[in-house]
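Peer 1: The structure is given below, and queries will be raised subsequently.
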Amino acid sequence: MNKNRLLQLLMAHQDRPVSGQEISDDLQVSRTAVWKQIEELRKNGYEIEAASRRGYRLVRIPDRVGTEEIMLHLTTARLGRPIIYKDTVTSTQEIVREEAEKGAKEGLIAVANEQMQGRGRLGRVWQSRPEQGIWMSLLLRPQVPPRYAPQLTLLSAVALAEALDSYLPEPTTIKWPNDIRIHKRKVAGILTEMQADMDEVQTVIVGMGINVNQNDGDFTEELAEKAGSIRQYAGVRQSRPQVIASILKSYETWYNEYLTNGFGAVKAAWTAKADTLGSFIQVETSRQTVEGKALRITEEGALQVQRSDGNTQTVHSGEILD
Ligand code: BTN
């Protein structure tokens, strides 16, 4: 039986019970099959009232980022198809990597409720506690030369930032290369991991960590000053499956644009949201700290900085210090 259809039906009639007969007619299955499926939903945290003769009524939807919950909102053609959901993982990056090695198609995503070893950029740890955020990785197989891979990093920032904007009272900004911020606090981060041979990218795994429902006090002391959540700015909890569907929709739109027309529109959108271009910055790279005015991003997604001696330095990887 199509679990999704059953959920849709219950959700469409939350104001009144739906009879077992009505459901079994709609889904073309026996009433016993309906009952079993209702039990299955209850195990997953759905609160469903059953009144004898009158039927079933959905009373509470759990805050779950499972496959069915995301599917209820998903409007994409390719991204998020399929979805692998696991309650606890080391890192969703590993799940996608394993699937990619088995030949999984572009569009597959892995989502977890909790990551035990969530990874951030530059070897950092990414705090990924249960229920609080979205911890998700997406598999892409773009047919582009490896030198273009950083473009996908910037594309990811644009797609994610635009999707989050629809949940926030004011627009997010992007700190190079791809921290999504609001009032200079980081609400989402992206980790892009690529495998390529000499001429072509094989896989790109885009890991997205979004702080959704954390409240004051939910971040560690170290993060409390730098991090923020959508809830803190929007004032209300958000439905994580709905936010995931919005992100995938936005991502698909930008990815299609990129594959069809190239980097131009992505670069313009990224530049419009950048919160450090034009300012004096310090960038820490693996070898040195570069100081100067942030000028622009290049076609390769690198940052150009005008140093005080007048020379322009191009930085490919690093962290802008706040
Ligand atoms: C950053 O440092 O800003 C990047 C953070 C990326 C975190 C996400 S959560 C899902 C995926 N799995 C991981 O282990 N990391 C990424």
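By convention in this document, the chains of the structure tokens carry letters A, B, ... by their order, each chain's residues are numbered from 1, and ligands are numbered from 1 in the order they are shown.
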Env of segment 249-257 of chain A: 10 Å cut, atoms = only C-alpha atoms, seq-sep filter 6 positions within chain, self excluded. Answer as a tab-separated table (two decimals) with all heavy atoms, in the first residue's frame.

Peer 2:
```tsv
chain	number	residue	atom	x	y	z
A	74	LEU	N	7.57	16.96	-1.33
A	74	LEU	CA	8.56	17.05	-2.40
A	74	LEU	C	7.94	17.32	-3.77
A	74	LEU	O	7.01	16.65	-4.17
A	74	LEU	CB	9.35	15.72	-2.45
A	74	LEU	CG	10.69	15.77	-3.16
A	74	LEU	CD1	11.65	16.70	-2.42
A	74	LEU	CD2	11.30	14.37	-3.21
A	75	THR	N	8.49	18.34	-4.46
A	75	THR	CA	7.94	18.69	-5.78
A	75	THR	C	9.02	18.64	-6.86
A	75	THR	O	8.82	19.16	-7.95
A	75	THR	CB	7.34	20.12	-5.75
A	75	THR	OG1	8.37	21.02	-5.31
A	75	THR	CG2	6.15	20.23	-4.84
A	76	THR	N	10.16	18.05	-6.56
A	76	THR	CA	11.25	18.02	-7.54
A	76	THR	C	11.08	16.86	-8.52
A	76	THR	O	10.34	15.91	-8.26
A	76	THR	CB	12.59	17.80	-6.82
A	76	THR	OG1	12.45	16.63	-6.01
A	76	THR	CG2	12.98	18.98	-5.97
A	77	ALA	N	11.82	16.97	-9.64
A	77	ALA	CA	11.80	15.86	-10.60
A	77	ALA	C	12.93	14.86	-10.30
A	77	ALA	O	12.75	13.65	-10.43
A	77	ALA	CB	11.96	16.41	-12.01
A	78	ARG	N	14.09	15.38	-9.89
A	78	ARG	CA	15.24	14.48	-9.74
A	78	ARG	C	15.89	14.49	-8.36
A	78	ARG	O	16.37	13.48	-7.89
A	78	ARG	CB	16.31	14.87	-10.79
A	78	ARG	CG	15.88	14.54	-12.20
A	78	ARG	CD	17.04	14.62	-13.15
A	78	ARG	NE	17.64	15.93	-13.17
A	78	ARG	CZ	18.94	16.16	-13.32
A	78	ARG	NH1	19.77	15.16	-13.44
A	78	ARG	NH2	19.40	17.39	-13.33
A	79	LEU	N	15.95	15.64	-7.74
A	79	LEU	CA	16.67	15.70	-6.46
A	79	LEU	C	15.78	15.21	-5.32
A	79	LEU	O	14.60	15.54	-5.23
A	79	LEU	CB	17.16	17.12	-6.18
A	79	LEU	CG	18.07	17.75	-7.23
A	79	LEU	CD1	18.74	19.00	-6.69
A	79	LEU	CD2	19.13	16.78	-7.75
A	80	GLY	N	16.40	14.39	-4.46
A	80	GLY	CA	15.62	13.78	-3.38
A	80	GLY	C	14.92	12.52	-3.85
A	80	GLY	O	13.97	12.05	-3.24
A	107	GLY	N	21.01	12.75	-7.51
A	107	GLY	CA	19.72	13.11	-6.92
A	107	GLY	C	19.47	12.43	-5.59
A	107	GLY	O	18.67	12.90	-4.78
A	140	LEU	N	25.55	14.42	-6.50
A	140	LEU	CA	25.47	14.98	-7.85
A	140	LEU	C	26.54	14.33	-8.72
A	140	LEU	O	27.59	13.92	-8.23
A	140	LEU	CB	25.73	16.50	-7.82
A	140	LEU	CG	24.75	17.36	-7.04
A	140	LEU	CD1	25.19	18.82	-7.08
A	140	LEU	CD2	23.33	17.21	-7.57
A	142	PRO	N	27.73	15.89	-11.93
A	142	PRO	CA	27.74	16.85	-13.04
A	142	PRO	C	28.86	16.51	-14.03
A	142	PRO	O	29.94	16.08	-13.61
A	142	PRO	CB	28.06	18.18	-12.35
A	142	PRO	CG	28.82	17.78	-11.13
A	142	PRO	CD	28.30	16.45	-10.69
A	152	LEU	N	30.16	24.72	-7.91
A	152	LEU	CA	29.03	24.01	-7.28
A	152	LEU	C	28.92	24.37	-5.80
A	152	LEU	O	27.83	24.35	-5.22
A	152	LEU	CB	29.20	22.50	-7.44
A	152	LEU	CG	28.96	22.03	-8.86
A	152	LEU	CD1	29.50	20.63	-9.06
A	152	LEU	CD2	27.47	22.07	-9.20
A	155	LEU	N	27.09	27.58	-5.93
A	155	LEU	CA	25.70	27.29	-6.32
A	155	LEU	C	24.92	26.75	-5.11
A	155	LEU	O	23.79	27.15	-4.86
A	155	LEU	CB	25.70	26.24	-7.45
A	155	LEU	CG	24.35	25.81	-8.01
A	155	LEU	CD1	24.53	25.38	-9.47
A	155	LEU	CD2	23.67	24.70	-7.27
A	156	SER	N	25.56	25.86	-4.36
A	156	SER	CA	24.89	25.27	-3.18
A	156	SER	C	24.50	26.37	-2.19
A	156	SER	O	23.41	26.35	-1.61
A	156	SER	CB	25.82	24.29	-2.47
A	156	SER	OG	26.25	23.30	-3.36
A	157	ALA	N	25.41	27.35	-2.02
A	157	ALA	CA	25.13	28.43	-1.08
A	157	ALA	C	23.93	29.25	-1.54
A	157	ALA	O	23.04	29.58	-0.75
A	157	ALA	CB	26.36	29.32	-0.93
A	158	VAL	N	23.89	29.56	-2.83
A	158	VAL	CA	22.78	30.36	-3.36
A	158	VAL	C	21.46	29.61	-3.21
A	158	VAL	O	20.45	30.15	-2.72
A	158	VAL	CB	23.04	30.71	-4.85
A	158	VAL	CG1	21.79	31.29	-5.50
A	158	VAL	CG2	24.21	31.68	-4.98
A	159	ALA	N	21.47	28.34	-3.60
A	159	ALA	CA	20.23	27.55	-3.55
A	159	ALA	C	19.72	27.42	-2.12
A	159	ALA	O	18.52	27.60	-1.85
A	159	ALA	CB	20.48	26.16	-4.14
A	160	LEU	N	20.64	27.14	-1.20
A	160	LEU	CA	20.24	26.95	0.20
A	160	LEU	C	19.77	28.28	0.81
A	160	LEU	O	18.73	28.35	1.46
A	160	LEU	CB	21.43	26.37	0.97
A	160	LEU	CG	21.26	26.08	2.45
A	160	LEU	CD1	20.05	25.21	2.71
A	160	LEU	CD2	22.51	25.37	3.00
A	161	ALA	N	20.53	29.34	0.55
A	161	ALA	CA	20.18	30.64	1.13
A	161	ALA	C	18.80	31.09	0.65
A	161	ALA	O	17.97	31.55	1.45
A	161	ALA	CB	21.24	31.68	0.76
A	162	GLU	N	18.54	30.94	-0.62
A	162	GLU	CA	17.22	31.37	-1.15
A	162	GLU	C	16.08	30.55	-0.54
A	162	GLU	O	15.02	31.09	-0.25
A	162	GLU	CB	17.20	31.25	-2.67
A	162	GLU	CG	17.86	32.44	-3.32
A	162	GLU	CD	17.48	32.59	-4.79
A	162	GLU	OE1	16.68	31.81	-5.33
A	162	GLU	OE2	18.03	33.50	-5.39
A	163	ALA	N	16.32	29.25	-0.38
A	163	ALA	CA	15.26	28.42	0.20
A	163	ALA	C	14.98	28.86	1.65
A	163	ALA	O	13.82	28.97	2.06
A	163	ALA	CB	15.67	26.95	0.16
A	164	LEU	N	16.05	29.15	2.40
A	164	LEU	CA	15.84	29.52	3.81
A	164	LEU	C	15.18	30.88	3.94
A	164	LEU	O	14.45	31.14	4.90
A	164	LEU	CB	17.18	29.48	4.57
A	164	LEU	CG	17.87	28.11	4.62
A	164	LEU	CD1	19.09	28.15	5.53
A	164	LEU	CD2	16.92	27.00	5.07
A	243	VAL	N	11.02	22.10	5.10
A	243	VAL	CA	12.21	22.89	4.77
A	243	VAL	C	13.11	22.09	3.80
A	243	VAL	O	13.64	22.63	2.83
A	243	VAL	CB	12.99	23.31	6.04
A	243	VAL	CG1	14.26	24.06	5.68
A	243	VAL	CG2	12.11	24.16	6.95
A	263	PHE	N	27.65	29.36	-15.34
A	263	PHE	CA	27.83	29.90	-13.99
A	263	PHE	C	27.31	31.34	-13.81
A	263	PHE	O	27.18	31.81	-12.68
A	263	PHE	CB	29.34	29.83	-13.69
A	263	PHE	CG	29.72	30.18	-12.28
A	263	PHE	CD1	29.09	29.60	-11.19
A	263	PHE	CD2	30.76	31.08	-12.05
A	263	PHE	CE1	29.47	29.93	-9.88
A	263	PHE	CE2	31.14	31.41	-10.75
A	263	PHE	CZ	30.50	30.83	-9.68
A	264	GLY	N	27.03	32.05	-14.92
A	264	GLY	CA	26.73	33.48	-14.86
A	264	GLY	C	25.67	33.88	-13.84
A	264	GLY	O	25.93	34.72	-12.97
A	265	ALA	N	24.50	33.28	-13.91
A	265	ALA	CA	23.40	33.69	-13.01
A	265	ALA	C	23.72	33.30	-11.57
A	265	ALA	O	23.38	34.03	-10.63
A	265	ALA	CB	22.10	33.04	-13.45
A	266	VAL	N	24.39	32.17	-11.39
A	266	VAL	CA	24.76	31.74	-10.03
A	266	VAL	C	25.73	32.76	-9.43
A	266	VAL	O	25.56	33.20	-8.29
A	266	VAL	CB	25.44	30.35	-10.06
A	266	VAL	CG1	25.91	29.94	-8.66
A	266	VAL	CG2	24.51	29.29	-10.64
```

Peer 1: Against ligand 1, which residues of chain A fall within 6 Å? For each one I want the closest pair of atoms and the distance in Å (one decimal), counting only C-alpha atoms and all ligand atoms, rows by chain and increasing residue number, as a tab-separated table.

Peer 2:
```
residue	atom	partner	partner_atom_place_in_ligand_line	distance
A:Ser91	CA	ligand 1	14 (O)	4.2
A:Thr92	CA	ligand 1	12 (N)	4.6
A:Gln93	CA	ligand 1	12 (N)	4.8
A:Gly118	CA	ligand 1	14 (O)	3.5
A:Arg119	CA	ligand 1	14 (O)	3.6
A:Gly120	CA	ligand 1	2 (O)	3.3
A:Arg121	CA	ligand 1	2 (O)	3.7
A:Trp126	CA	ligand 1	7 (C)	5.6
A:Trp135	CA	ligand 1	10 (C)	4.0
A:Met136	CA	ligand 1	10 (C)	4.3
A:Ser137	CA	ligand 1	11 (C)	5.3
A:Asp179	CA	ligand 1	3 (O)	5.8
A:Gly189	CA	ligand 1	3 (O)	3.3
A:Ile190	CA	ligand 1	4 (C)	4.0
A:Leu191	CA	ligand 1	4 (C)	4.3
A:Gly207	CA	ligand 1	11 (C)	3.7
A:Met208	CA	ligand 1	8 (C)	4.2
A:Gly209	CA	ligand 1	9 (S)	3.7
```

Peer 1: Would you mind reading off the distance between atom CA of Arg16 of chain A and atom CA of Val59 of chain A, one decimal, in Å?

Peer 2: 10.0 Å

Peer 1: Using backbone DSSP assignments, extract all strand (DSSP E or B) residues from segment 114-315 of chain A; output them as a VMD selection string.

Peer 2: chain A and resid 114 to 115 119 125 133 to 140 173 to 175 179 to 182 185 to 196 201 to 211 227 274 280 to 284 289 to 297 303 to 306 312 to 315

Peer 1: Which is closer to Thr203 of chain A than all the others in A:Gly133, A:Pro146, A:Gly318, A:Pro17, using only C-alpha atoms?

Peer 2: A:Pro146

Peer 1: If you count only C-alpha atoms, which residues fall within 7 Å of segment 171-174 of chain A, apart from same-chain ones fewer than 3 positions away, as number ranges by chain?

Peer 2: A: 161, 165, 168, 178-182, 273-275

Peer 1: Residues of the last selection are to be written out with N, CA, C and O atoms, as a PDB file, in the first residue's frame.

Peer 2:
```
ATOM      1  N   ALA A 161      20.531  29.343   0.552  1.00  0.00           N
ATOM      2  CA  ALA A 161      20.184  30.639   1.135  1.00  0.00           C
ATOM      3  C   ALA A 161      18.799  31.086   0.651  1.00  0.00           C
ATOM      4  O   ALA A 161      17.972  31.549   1.447  1.00  0.00           O
ATOM      5  N   ASP A 165      15.418  31.747   2.953  1.00  0.00           N
ATOM      6  CA  ASP A 165      14.817  33.090   3.007  1.00  0.00           C
ATOM      7  C   ASP A 165      13.298  33.037   3.165  1.00  0.00           C
ATOM      8  O   ASP A 165      12.703  33.907   3.797  1.00  0.00           O
ATOM      9  N   LEU A 168      12.246  33.080   6.788  1.00  0.00           N
ATOM     10  CA  LEU A 168      12.831  34.078   7.682  1.00  0.00           C
ATOM     11  C   LEU A 168      12.248  35.469   7.451  1.00  0.00           C
ATOM     12  O   LEU A 168      11.853  35.794   6.323  1.00  0.00           O
ATOM     13  N   ASN A 178      30.702  29.596   1.611  1.00  0.00           N
ATOM     14  CA  ASN A 178      29.298  29.172   1.639  1.00  0.00           C
ATOM     15  C   ASN A 178      28.685  29.036   3.032  1.00  0.00           C
ATOM     16  O   ASN A 178      27.943  28.113   3.305  1.00  0.00           O
ATOM     17  N   ASP A 179      28.972  29.977   3.894  1.00  0.00           N
ATOM     18  CA  ASP A 179      28.253  30.011   5.168  1.00  0.00           C
ATOM     19  C   ASP A 179      27.003  30.854   4.969  1.00  0.00           C
ATOM     20  O   ASP A 179      27.074  31.976   4.450  1.00  0.00           O
ATOM     21  N   ILE A 180      25.879  30.330   5.410  1.00  0.00           N
ATOM     22  CA  ILE A 180      24.630  31.093   5.294  1.00  0.00           C
ATOM     23  C   ILE A 180      24.399  31.767   6.643  1.00  0.00           C
ATOM     24  O   ILE A 180      24.362  31.089   7.676  1.00  0.00           O
ATOM     25  N   ARG A 181      24.227  33.083   6.600  1.00  0.00           N
ATOM     26  CA  ARG A 181      24.159  33.803   7.880  1.00  0.00           C
ATOM     27  C   ARG A 181      22.943  34.722   7.960  1.00  0.00           C
ATOM     28  O   ARG A 181      22.396  35.153   6.947  1.00  0.00           O
ATOM     29  N   ILE A 182      22.587  35.000   9.190  1.00  0.00           N
ATOM     30  CA  ILE A 182      21.602  36.039   9.423  1.00  0.00           C
ATOM     31  C   ILE A 182      22.121  36.838  10.618  1.00  0.00           C
ATOM     32  O   ILE A 182      22.551  36.247  11.615  1.00  0.00           O
ATOM     33  N   LYS A 273      24.255  38.352  -2.644  1.00  0.00           N
ATOM     34  CA  LYS A 273      24.008  37.960  -1.245  1.00  0.00           C
ATOM     35  C   LYS A 273      25.271  37.993  -0.376  1.00  0.00           C
ATOM     36  O   LYS A 273      25.200  37.770   0.832  1.00  0.00           O
ATOM     37  N   ALA A 274      26.405  38.255  -1.006  1.00  0.00           N
ATOM     38  CA  ALA A 274      27.669  38.206  -0.263  1.00  0.00           C
ATOM     39  C   ALA A 274      27.715  39.314   0.783  1.00  0.00           C
ATOM     40  O   ALA A 274      27.385  40.455   0.488  1.00  0.00           O
ATOM     41  N   ASP A 275      28.128  38.962   2.015  1.00  0.00           N
ATOM     42  CA  ASP A 275      28.117  40.002   3.049  1.00  0.00           C
ATOM     43  C   ASP A 275      29.506  40.543   3.378  1.00  0.00           C
ATOM     44  O   ASP A 275      29.663  41.308   4.309  1.00  0.00           O
TER      45      ASP A 275
END
```

Peer 1: Assign secondary structure with DSSP using the backbone only, and return the residues of segment 57-223 of chain A in alpha helix (DSSP H) as number ranges by chain.

Peer 2: A: 67-71, 92-101, 149-165, 221-223

Peer 1: With only C-alpha atoms as the atoms that count, which of A:Gln14, A:Gln195, A:Ser30, A:Ile83 lies nearest to Glu49 of chain A?

Peer 2: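 Closest residue, counting only C-alpha atoms: A:Gln14.
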
Peer 1: From the list A:Ile48, A:Ala268, A:Ala234, A:Ile205, which residue is nearest Ile95 of chain A when using only C-alpha atoms?

Peer 2: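 Closest to Ile95 of chain A, using only C-alpha atoms: A:Ile205.
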
Peer 1: Go through A:Met194, A:Leu9, A:Leu154, A:Ala269 one by one, measure the shortest atom-to-atom distance of each to Leu58 of chain A using only C-alpha atoms, and give the residue with the smallest value.

Peer 2: A:Leu9

Peer 1: Near Val236 of chain A, counting only C-alpha atoms, which residues have an atom at most 12 Å away, once you skip same-chain residues fewer than 2 positions from it, shown as a list in words?

Peer 2: Tyr167, Leu168, Pro169, Val212, Asn213, Gln214, Asn215, Ser229, Ile230, Arg231, Gln232, Tyr233, Ala234, Gln238 and Ser239 of chain A

Peer 1: Would you mind exporting the chosen residues as a CSV table (one decimal), in the first residue's frame, restricted to all heavy atoms?

Peer 2:
```csv
chain,number,residue,atom,x,y,z
A,167,TYR,N,11.6,31.3,4.9
A,167,TYR,CA,11.2,30.9,6.3
A,167,TYR,C,11.6,32.0,7.3
A,167,TYR,O,11.4,31.9,8.5
A,167,TYR,CB,11.8,29.6,6.8
A,167,TYR,CG,11.3,28.5,6.0
A,167,TYR,CD1,11.9,28.1,4.8
A,167,TYR,CD2,10.1,27.8,6.4
A,167,TYR,CE1,11.4,27.0,4.0
A,167,TYR,CE2,9.6,26.8,5.6
A,167,TYR,CZ,10.2,26.4,4.5
A,167,TYR,OH,9.7,25.3,3.7
A,168,LEU,N,12.2,33.1,6.8
A,168,LEU,CA,12.8,34.1,7.7
A,168,LEU,C,12.2,35.5,7.5
A,168,LEU,O,11.9,35.8,6.3
A,168,LEU,CB,14.3,34.1,7.4
A,168,LEU,CG,15.1,32.9,8.0
A,168,LEU,CD1,16.5,32.8,7.4
A,168,LEU,CD2,15.2,33.0,9.5
A,169,PRO,N,12.2,36.3,8.5
A,169,PRO,CA,11.7,37.6,8.3
A,169,PRO,C,12.5,38.5,7.5
A,169,PRO,O,12.1,39.5,6.9
A,169,PRO,CB,11.6,38.2,9.7
A,169,PRO,CG,12.5,37.3,10.6
A,169,PRO,CD,12.6,36.0,9.9
A,212,VAL,N,17.8,24.5,12.5
A,212,VAL,CA,16.4,24.8,12.3
A,212,VAL,C,15.7,25.2,13.5
A,212,VAL,O,15.2,26.3,13.7
A,212,VAL,CB,15.7,23.7,11.5
A,212,VAL,CG1,14.2,24.0,11.3
A,212,VAL,CG2,16.3,23.3,10.2
A,213,ASN,N,15.6,24.3,14.5
A,213,ASN,CA,14.8,24.5,15.6
A,213,ASN,C,15.5,24.7,17.0
A,213,ASN,O,14.9,24.5,18.0
A,213,ASN,CB,13.8,23.3,15.7
A,213,ASN,CG,12.7,23.5,14.7
A,213,ASN,OD1,12.3,24.6,14.3
A,213,ASN,ND2,12.2,22.3,14.1
A,214,GLN,N,16.8,25.0,16.9
A,214,GLN,CA,17.5,25.2,18.2
A,214,GLN,C,16.9,26.5,18.9
A,214,GLN,O,16.5,27.4,18.2
A,214,GLN,CB,19.0,25.5,17.9
A,214,GLN,CG,19.8,24.2,17.6
A,214,GLN,CD,19.9,24.1,16.1
A,214,GLN,OE1,19.1,24.6,15.3
A,214,GLN,NE2,21.0,23.4,15.7
A,215,ASN,N,16.9,26.4,20.2
A,215,ASN,CA,16.5,27.6,21.0
A,215,ASN,C,17.7,28.1,21.7
A,215,ASN,O,18.7,27.5,21.7
A,215,ASN,CB,15.5,27.1,22.0
A,215,ASN,CG,14.3,28.0,22.0
A,215,ASN,OD1,14.4,29.2,21.7
A,215,ASN,ND2,13.1,27.4,22.4
A,229,SER,N,19.7,29.9,14.7
A,229,SER,CA,18.8,29.0,14.1
A,229,SER,C,17.6,29.7,13.4
A,229,SER,O,17.3,30.9,13.8
A,229,SER,CB,18.2,28.0,15.1
A,229,SER,OG,17.2,28.6,15.9
A,230,ILE,N,16.9,29.0,12.5
A,230,ILE,CA,15.8,29.7,11.8
A,230,ILE,C,14.7,30.0,12.9
A,230,ILE,O,14.2,31.1,12.9
A,230,ILE,CB,15.2,28.8,10.8
A,230,ILE,CG1,16.2,28.4,9.7
A,230,ILE,CG2,14.0,29.4,10.1
A,230,ILE,CD1,15.7,27.6,8.6
A,231,ARG,N,14.5,29.1,13.8
A,231,ARG,CA,13.5,29.4,14.9
A,231,ARG,C,13.8,30.6,15.7
A,231,ARG,O,12.9,31.4,16.0
A,231,ARG,CB,13.5,28.2,15.8
A,231,ARG,CG,12.5,28.3,16.9
A,231,ARG,CD,12.7,27.1,17.8
A,231,ARG,NE,11.7,27.1,18.9
A,231,ARG,CZ,11.6,26.1,19.8
A,231,ARG,NH1,12.4,25.1,19.7
A,231,ARG,NH2,10.7,26.1,20.7
A,232,GLN,N,15.1,30.9,16.0
A,232,GLN,CA,15.4,32.1,16.8
A,232,GLN,C,15.0,33.3,16.0
A,232,GLN,O,14.7,34.3,16.7
A,232,GLN,CB,16.9,32.1,17.1
A,232,GLN,CG,17.3,31.1,18.2
A,232,GLN,CD,18.8,31.0,18.4
A,232,GLN,OE1,19.5,30.9,17.4
A,232,GLN,NE2,19.2,30.9,19.6
A,233,TYR,N,15.1,33.3,14.7
A,233,TYR,CA,14.8,34.6,14.0
A,233,TYR,C,13.3,34.6,13.5
A,233,TYR,O,12.7,35.6,13.4
A,233,TYR,CB,15.7,34.7,12.8
A,233,TYR,CG,17.1,35.1,13.3
A,233,TYR,CD1,18.1,34.1,13.4
A,233,TYR,CD2,17.4,36.4,13.8
A,233,TYR,CE1,19.3,34.4,13.9
A,233,TYR,CE2,18.6,36.7,14.3
A,233,TYR,CZ,19.6,35.7,14.3
A,233,TYR,OH,20.8,36.0,14.8
A,234,ALA,N,12.8,33.4,13.2
A,234,ALA,CA,11.4,33.3,12.7
A,234,ALA,C,10.4,33.4,13.9
A,234,ALA,O,9.2,33.7,13.7
A,234,ALA,CB,11.2,32.1,11.9
A,238,GLN,N,9.9,25.2,12.9
A,238,GLN,CA,9.6,24.9,11.5
A,238,GLN,C,9.5,23.4,11.2
A,238,GLN,O,10.2,22.7,11.9
A,238,GLN,CB,10.7,25.5,10.6
A,238,GLN,CG,11.0,27.0,10.8
A,238,GLN,CD,9.9,27.8,10.3
A,238,GLN,OE1,9.1,27.4,9.4
A,238,GLN,NE2,9.7,29.0,10.9
A,239,SER,N,8.7,23.1,10.2
A,239,SER,CA,8.6,21.6,9.9
A,239,SER,C,9.9,21.3,9.1
A,239,SER,O,10.1,21.8,8.0
A,239,SER,CB,7.4,21.4,9.1
A,239,SER,OG,7.5,20.4,8.1
```

Peer 1: To one decimal place in Å, what is the distance between atom CA of Met11 of chain A and atom CA of Ile70 of chain A?

Peer 2: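 A separation of 13.9 Å between them.
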
Peer 1: Could you tell me how far atom CA of Leu321 of chain A lies from atom CA of Trp270 of chain A, in Å and to one decimal?

Peer 2: 19.4 Å

Peer 1: Mind checking which residues fall within 12 Å of Asn44 of chain A, counting only C-alpha atoms, ignoring those fewer than 5 positions away in the same chain, and posting them as a ChimeraX atom specification?

Peer 2: /A:37-39,60-69,87

Peer 1: Determine, counting only C-alpha atoms, which protein, DNA and RNA residues have an atom within 9 Å of an atom of Val144 of chain A; residues of the same chain fewer than 5 positions away are not included. Present the result as a CSV table (one decimal) with N, CA and C atoms, in the first residue's frame.

Peer 2:
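Output below, filename selection.csv:
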```
chain,number,residue,atom,x,y,z
A,149,ALA,N,34.5,22.5,-10.1
A,149,ALA,CA,33.8,22.0,-8.9
A,149,ALA,C,33.5,23.2,-7.9
A,199,ASP,N,40.0,14.5,-16.2
A,199,ASP,CA,39.1,15.4,-17.1
A,199,ASP,C,37.7,15.6,-16.5
A,200,GLU,N,37.2,14.8,-15.7
A,200,GLU,CA,35.8,14.9,-15.4
A,200,GLU,C,35.5,14.6,-13.9
A,201,VAL,N,34.6,15.4,-13.4
A,201,VAL,CA,34.1,15.1,-12.0
A,201,VAL,C,33.3,13.8,-12.0
A,202,GLN,N,33.6,12.9,-11.1
A,202,GLN,CA,32.8,11.7,-10.9
A,202,GLN,C,31.6,11.9,-10.0
```

Peer 1: Name all residues at most 8 Å from Leu27 of chain A (count only C-alpha atoms; drop same-chain ones fewer than 4 positions away) and give them as a list of chain:residue names.

Peer 2: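 The residues satisfying every condition are A:Met1, A:Asn2, A:Arg5, A:Leu6, A:Ile23.
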